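Participant: You'll find coords_13.csv just under this line, and it carries CSV, C-alpha atoms.
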```
chain,number,residue,atom,x,y,z
A,1,MET,CA,0.0,0.0,0.0
A,2,PRO,CA,1.5,3.4,-1.0
A,3,LYS,CA,2.4,5.9,1.7
A,4,GLY,CA,0.4,9.1,1.9
A,5,GLN,CA,1.9,12.5,1.3
A,6,ALA,CA,2.5,15.2,3.9
A,7,LEU,CA,0.2,18.2,3.6
A,8,GLU,CA,1.9,21.5,4.0
A,9,VAL,CA,0.0,24.8,4.6
A,10,LEU,CA,1.3,27.5,2.3
A,11,ASN,CA,1.8,31.1,3.5
A,12,ARG,CA,0.5,34.1,1.4
A,13,ARG,CA,3.8,34.6,-0.5
A,14,GLN,CA,3.9,30.9,-1.4
A,15,CYS,CA,0.3,31.0,-2.6
A,16,LEU,CA,1.0,34.0,-4.8
A,17,ASP,CA,4.2,32.4,-6.2
A,18,ARG,CA,2.2,29.3,-7.2
A,19,LEU,CA,-0.6,31.3,-8.8
A,20,GLN,CA,2.1,32.9,-11.0
A,21,THR,CA,2.9,29.4,-12.5
A,22,VAL,CA,-0.5,28.6,-14.0
A,23,ARG,CA,-2.9,30.4,-16.2
A,24,VAL,CA,-6.3,28.7,-15.6
A,25,GLY,CA,-8.4,28.5,-12.5
A,26,ARG,CA,-12.0,28.2,-11.5
A,27,LEU,CA,-14.2,31.1,-10.5
A,28,VAL,CA,-17.0,30.3,-8.0
A,29,PHE,CA,-19.9,32.8,-8.0
A,30,THR,CA,-23.6,33.0,-7.7
A,31,GLU,CA,-25.8,32.9,-10.8
A,32,ASP,CA,-29.6,33.1,-10.5
A,33,GLY,CA,-29.3,32.4,-6.8
A,34,LEU,CA,-27.3,29.2,-7.3
A,35,PRO,CA,-23.6,28.4,-7.1
A,36,ALA,CA,-21.8,28.5,-10.4
A,37,VAL,CA,-18.2,27.4,-11.3
A,38,GLN,CA,-16.5,28.3,-14.5
A,39,PRO,CA,-13.0,27.8,-15.7
A,40,VAL,CA,-11.2,31.1,-16.4
A,41,ASN,CA,-7.8,32.2,-17.5
A,42,PHE,CA,-6.4,34.8,-15.1
A,43,GLY,CA,-3.5,36.9,-14.0
A,44,VAL,CA,-2.2,38.1,-10.6
A,45,TRP,CA,-2.0,41.8,-10.4
A,46,ARG,CA,-1.1,43.7,-7.2
A,47,GLU,CA,-1.7,40.5,-5.2
A,48,ASP,CA,-5.3,40.2,-6.5
A,49,VAL,CA,-6.6,37.7,-9.1
A,50,VAL,CA,-7.8,39.4,-12.3
A,51,ILE,CA,-9.9,37.8,-15.0
A,52,ARG,CA,-11.1,39.2,-18.3
A,53,VAL,CA,-14.7,38.7,-19.4
A,54,ALA,CA,-17.1,39.6,-22.1
A,55,GLY,CA,-20.0,40.2,-19.8
A,56,GLY,CA,-22.8,38.0,-18.4
A,57,ALA,CA,-23.0,36.6,-14.9
A,58,LYS,CA,-19.3,37.0,-14.0
A,59,LEU,CA,-19.5,40.8,-14.8
A,60,ALA,CA,-22.8,41.1,-12.9
A,61,ALA,CA,-21.1,39.6,-9.9
A,62,ALA,CA,-18.3,42.1,-10.1
A,63,THR,CA,-20.7,45.0,-10.8
A,64,ASN,CA,-22.6,44.1,-7.6
A,65,ASN,CA,-19.4,43.7,-5.5
A,66,LEU,CA,-20.4,40.2,-4.6
A,67,VAL,CA,-18.2,37.8,-2.7
A,68,VAL,CA,-16.7,35.2,-5.0
A,69,ALA,CA,-14.1,32.4,-4.7
A,70,PHE,CA,-11.3,31.5,-7.0
A,71,GLN,CA,-9.3,28.3,-7.0
A,72,ALA,CA,-6.3,27.2,-9.0
A,73,ASP,CA,-4.1,24.1,-8.7
A,74,GLU,CA,-1.5,22.0,-10.2
A,75,LEU,CA,-1.9,18.3,-9.3
A,76,ASP,CA,-0.1,15.2,-10.5
A,77,PRO,CA,-2.4,12.2,-9.7
A,78,ASP,CA,0.3,9.7,-10.6
A,79,LEU,CA,3.0,11.1,-8.3
A,80,ARG,CA,0.4,12.3,-5.8
A,81,THR,CA,2.0,15.7,-5.6
A,82,GLY,CA,0.8,19.2,-6.2
A,83,TRP,CA,-0.8,22.2,-4.7
A,84,SER,CA,-4.0,24.1,-4.5
A,85,VAL,CA,-4.7,27.8,-3.7
A,86,THR,CA,-8.0,29.4,-3.0
A,87,VAL,CA,-8.8,33.2,-2.9
A,88,VAL,CA,-12.0,34.6,-1.5
A,89,GLY,CA,-12.9,38.3,-1.9
A,90,HIS,CA,-15.3,40.8,-3.4
A,91,ALA,CA,-15.4,41.0,-7.2
A,92,GLN,CA,-15.0,44.4,-8.6
A,93,PRO,CA,-14.7,45.7,-12.2
A,94,ILE,CA,-11.6,47.6,-13.0
A,95,THR,CA,-12.7,51.0,-14.3
A,96,ASP,CA,-9.8,53.4,-13.6
A,97,VAL,CA,-8.3,54.2,-17.0
A,98,SER,CA,-4.7,54.0,-15.7
A,99,GLU,CA,-5.3,50.7,-14.0
A,100,LEU,CA,-7.0,49.3,-17.2
A,101,VAL,CA,-4.0,50.4,-19.3
A,102,GLU,CA,-1.6,48.7,-16.8
A,103,VAL,CA,-3.5,45.4,-16.5
A,104,ALA,CA,-4.4,45.2,-20.2
A,105,GLY,CA,-0.8,45.5,-21.3
A,106,THR,CA,0.4,42.5,-19.3
A,107,PHE,CA,-2.6,40.3,-19.3
A,108,VAL,CA,-2.7,36.8,-20.9
A,109,GLN,CA,-4.7,36.3,-24.0
A,110,PRO,CA,-8.2,34.8,-23.5
A,111,TRP,CA,-8.6,31.2,-24.7
A,112,VAL,CA,-12.0,31.8,-26.1
A,113,ASP,CA,-12.7,33.7,-29.3
A,114,GLY,CA,-14.6,37.0,-29.1
A,115,ARG,CA,-14.1,40.3,-27.3
A,116,ARG,CA,-13.3,40.3,-23.6
A,117,ASP,CA,-13.5,44.0,-22.8
A,118,HIS,CA,-14.0,43.9,-19.0
A,119,PHE,CA,-11.4,43.2,-16.3
A,120,ILE,CA,-12.6,41.9,-13.0
A,121,ARG,CA,-10.4,42.1,-9.9
A,122,ILE,CA,-11.0,39.7,-7.0
A,123,ARG,CA,-9.9,41.8,-3.9
A,124,THR,CA,-8.0,39.2,-1.9
A,125,GLU,CA,-9.6,39.1,1.5
A,126,LYS,CA,-8.6,35.5,2.3
A,127,MET,CA,-6.0,33.3,0.6
A,128,THR,CA,-5.3,29.7,1.6
A,129,GLY,CA,-3.1,27.1,0.1
A,130,ARG,CA,-2.0,23.6,0.5
A,131,GLN,CA,0.7,21.5,-1.0
A,132,PHE,CA,1.2,17.8,-1.0
A,133,ARG,CA,4.8,16.7,-0.6
A,134,GLU,CA,6.7,13.6,0.1
A,135,PRO,CA,7.4,13.1,3.8
A,136,GLY,CA,11.1,12.6,3.3
A,137,VAL,CA,11.7,15.8,1.4
A,138,PRO,CA,13.3,18.4,3.7
A,139,GLN,CA,11.8,21.7,4.4
A,140,TYR,CA,13.8,24.9,4.7
A,141,LYS,CA,12.9,27.8,6.9
A,142,SER,CA,13.7,31.3,5.7
A,143,ALA,CA,15.2,34.0,7.9
A,144,THR,CA,11.6,35.2,8.6
A,145,GLY,CA,10.6,31.8,9.8
A,146,SER,CA,8.3,31.0,6.8
A,147,THR,CA,8.7,27.5,5.3
A,148,ALA,CA,10.0,27.2,1.8
A,149,SER,CA,10.0,24.0,-0.3
A,150,SER,CA,13.0,22.9,-2.3
```
As structure tokens, please, write out the structure in this file.
Facilitator:
Amino acid sequence: MPKGQALEVLNRRQCLDRLQTVRVGRLVFTEDGLPAVQPVNFGVWREDVVIRVAGGAKLAAATNNLVVAFQADELDPDLRTGWSVTVVGHAQPITDVSELVEVAGTFVQPWVDGRRDHFIRIRTEKMTGRQFREPGVPQYKSATGSTASS
């Protein structure tokens, strides 16, 4: 029987670092009074998650400043390793012209055809992360006391 992996809790910096390594996550929001989950490509900007949308329920959630969740991960089922990060916060449209110019110039291209003229920021109010790692792999502590994986 295979041994289980150790579960490491990630600090905020480790969560942000991992989010920078992937481009697709899942947005959890409310649509017609029910939970909805949709895959979205995203970027991290000023420690917030930013997605680009055409409109619809995702834009409505942002326009109404609703609480949403966002989750991204990178998991290897064969090796039983990987990580998962969840962000919870209020969704808000980015409307400031200077912020739009800044975020639009560095944002990843949408995967879906069509115009995506709206940028939504998820104001990070809570960020949690977990990482599976092999129990025998050493952990190193930084000078600040936070744990870093090799």
Participant: Go through A:Thr86, A:Gln20, A:Thr95, A:Thr81 and flag the residue nearest Asp117 of chain A, using only C-alpha atoms for the distances.
Facilitator: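 Going through A:Thr86, A:Gln20, A:Thr95, A:Thr81 one by one, the smallest distance to Asp117 of chain A is for A:Thr95.
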Participant: Could you tell me how far atom CA of Val53 of chain A lies from atom CA of Ala91 of chain A, in Å and to one decimal?
Facilitator: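 Computed distance, atom CA of Val53 of chain A to atom CA of Ala91 of chain A, equals 12.4 Å.
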Participant: Could you please determine the separation between atom CA of Thr30 of chain A and atom CA of Asn64 of chain A in Å, to one decimal place?
Facilitator: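 Between these atoms lies a distance of 11.1 Å.
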Participant: Report the distance between atom CA of Thr124 of chain A and atom CA of Gly55 of chain A in Å, rounded to one decimal place.
Facilitator: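 Between atom CA of Thr124 of chain A and atom CA of Gly55 of chain A the gap is 21.6 Å.
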Participant: Give me, as a compact mmCIF listing (two decimals) with C-alpha atoms, in the frame of the given file, all polymer residues having an atom no more than 10 Å from Arg26 of chain A, counting all atoms listed in the file and skipping those fewer than 4 positions away in the same chain.
Facilitator:
```
# COMPACT_ATOMS: atom_id res chain seq x y z
CA ALA A 36 -21.80 28.50 -10.40
CA VAL A 37 -18.20 27.40 -11.30
CA GLN A 38 -16.50 28.30 -14.50
CA PRO A 39 -13.00 27.80 -15.70
CA VAL A 40 -11.20 31.10 -16.40
CA ASN A 41 -7.80 32.20 -17.50
CA PHE A 42 -6.40 34.80 -15.10
CA ALA A 69 -14.10 32.40 -4.70
CA PHE A 70 -11.30 31.50 -7.00
CA GLN A 71 -9.30 28.30 -7.00
CA ALA A 72 -6.30 27.20 -9.00
CA ASP A 73 -4.10 24.10 -8.70
CA THR A 86 -8.00 29.40 -3.00
```
Participant: Which residue is closest to Ile51 of chain A? Choose from A:Arg123, A:Arg133, A:His118, A:Arg13 and count only C-alpha atoms.
Facilitator: A:His118
Participant: Padding of 4 Å on every side, edges along x, y and z, all listed atoms of segment 91-94 of chain A included: what centre and edge lengths in Å, to one decimal, does that box have, as lines of an AutoDock Vina configuration file?
Facilitator:
```
center_x = -13.5
center_y = 44.3
center_z = -10.1
size_x = 11.8
size_y = 14.6
size_z = 13.8
```
Participant: Which is closest to Leu16 of chain A among A:Gly129, A:Asp76, A:Leu100, A:Arg116, if we use only C-alpha atoms?
Facilitator: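 Checking each of A:Gly129, A:Asp76, A:Leu100, A:Arg116 against Leu16 of chain A, counting only C-alpha atoms, the winner is A:Gly129.
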Participant: Which of these residues is nearest to Thr63 of chain A, using only C-alpha atoms: A:Val87, A:Ile94, A:Met127, A:Val50?
Facilitator: A:Ile94
Participant: Compile the contact shell of Gln14 of chain A as a PyMOL selection string: residues with an atom at most 12 Å away, counting only C-alpha atoms, same-chain residues fewer than 3 positions apart removed.
Facilitator: chain A and resi 8-11+17-21+47+83-85+127-131+146-149
Participant: Restricting the calculation to all atoms listed in the file, which member of A:Leu34, A:Val68, A:Val24, A:Ile120 is positioned closest to Arg52 of chain A?
Facilitator: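 Using all atoms listed in the file, the shortest distance to Arg52 of chain A belongs to A:Ile120.
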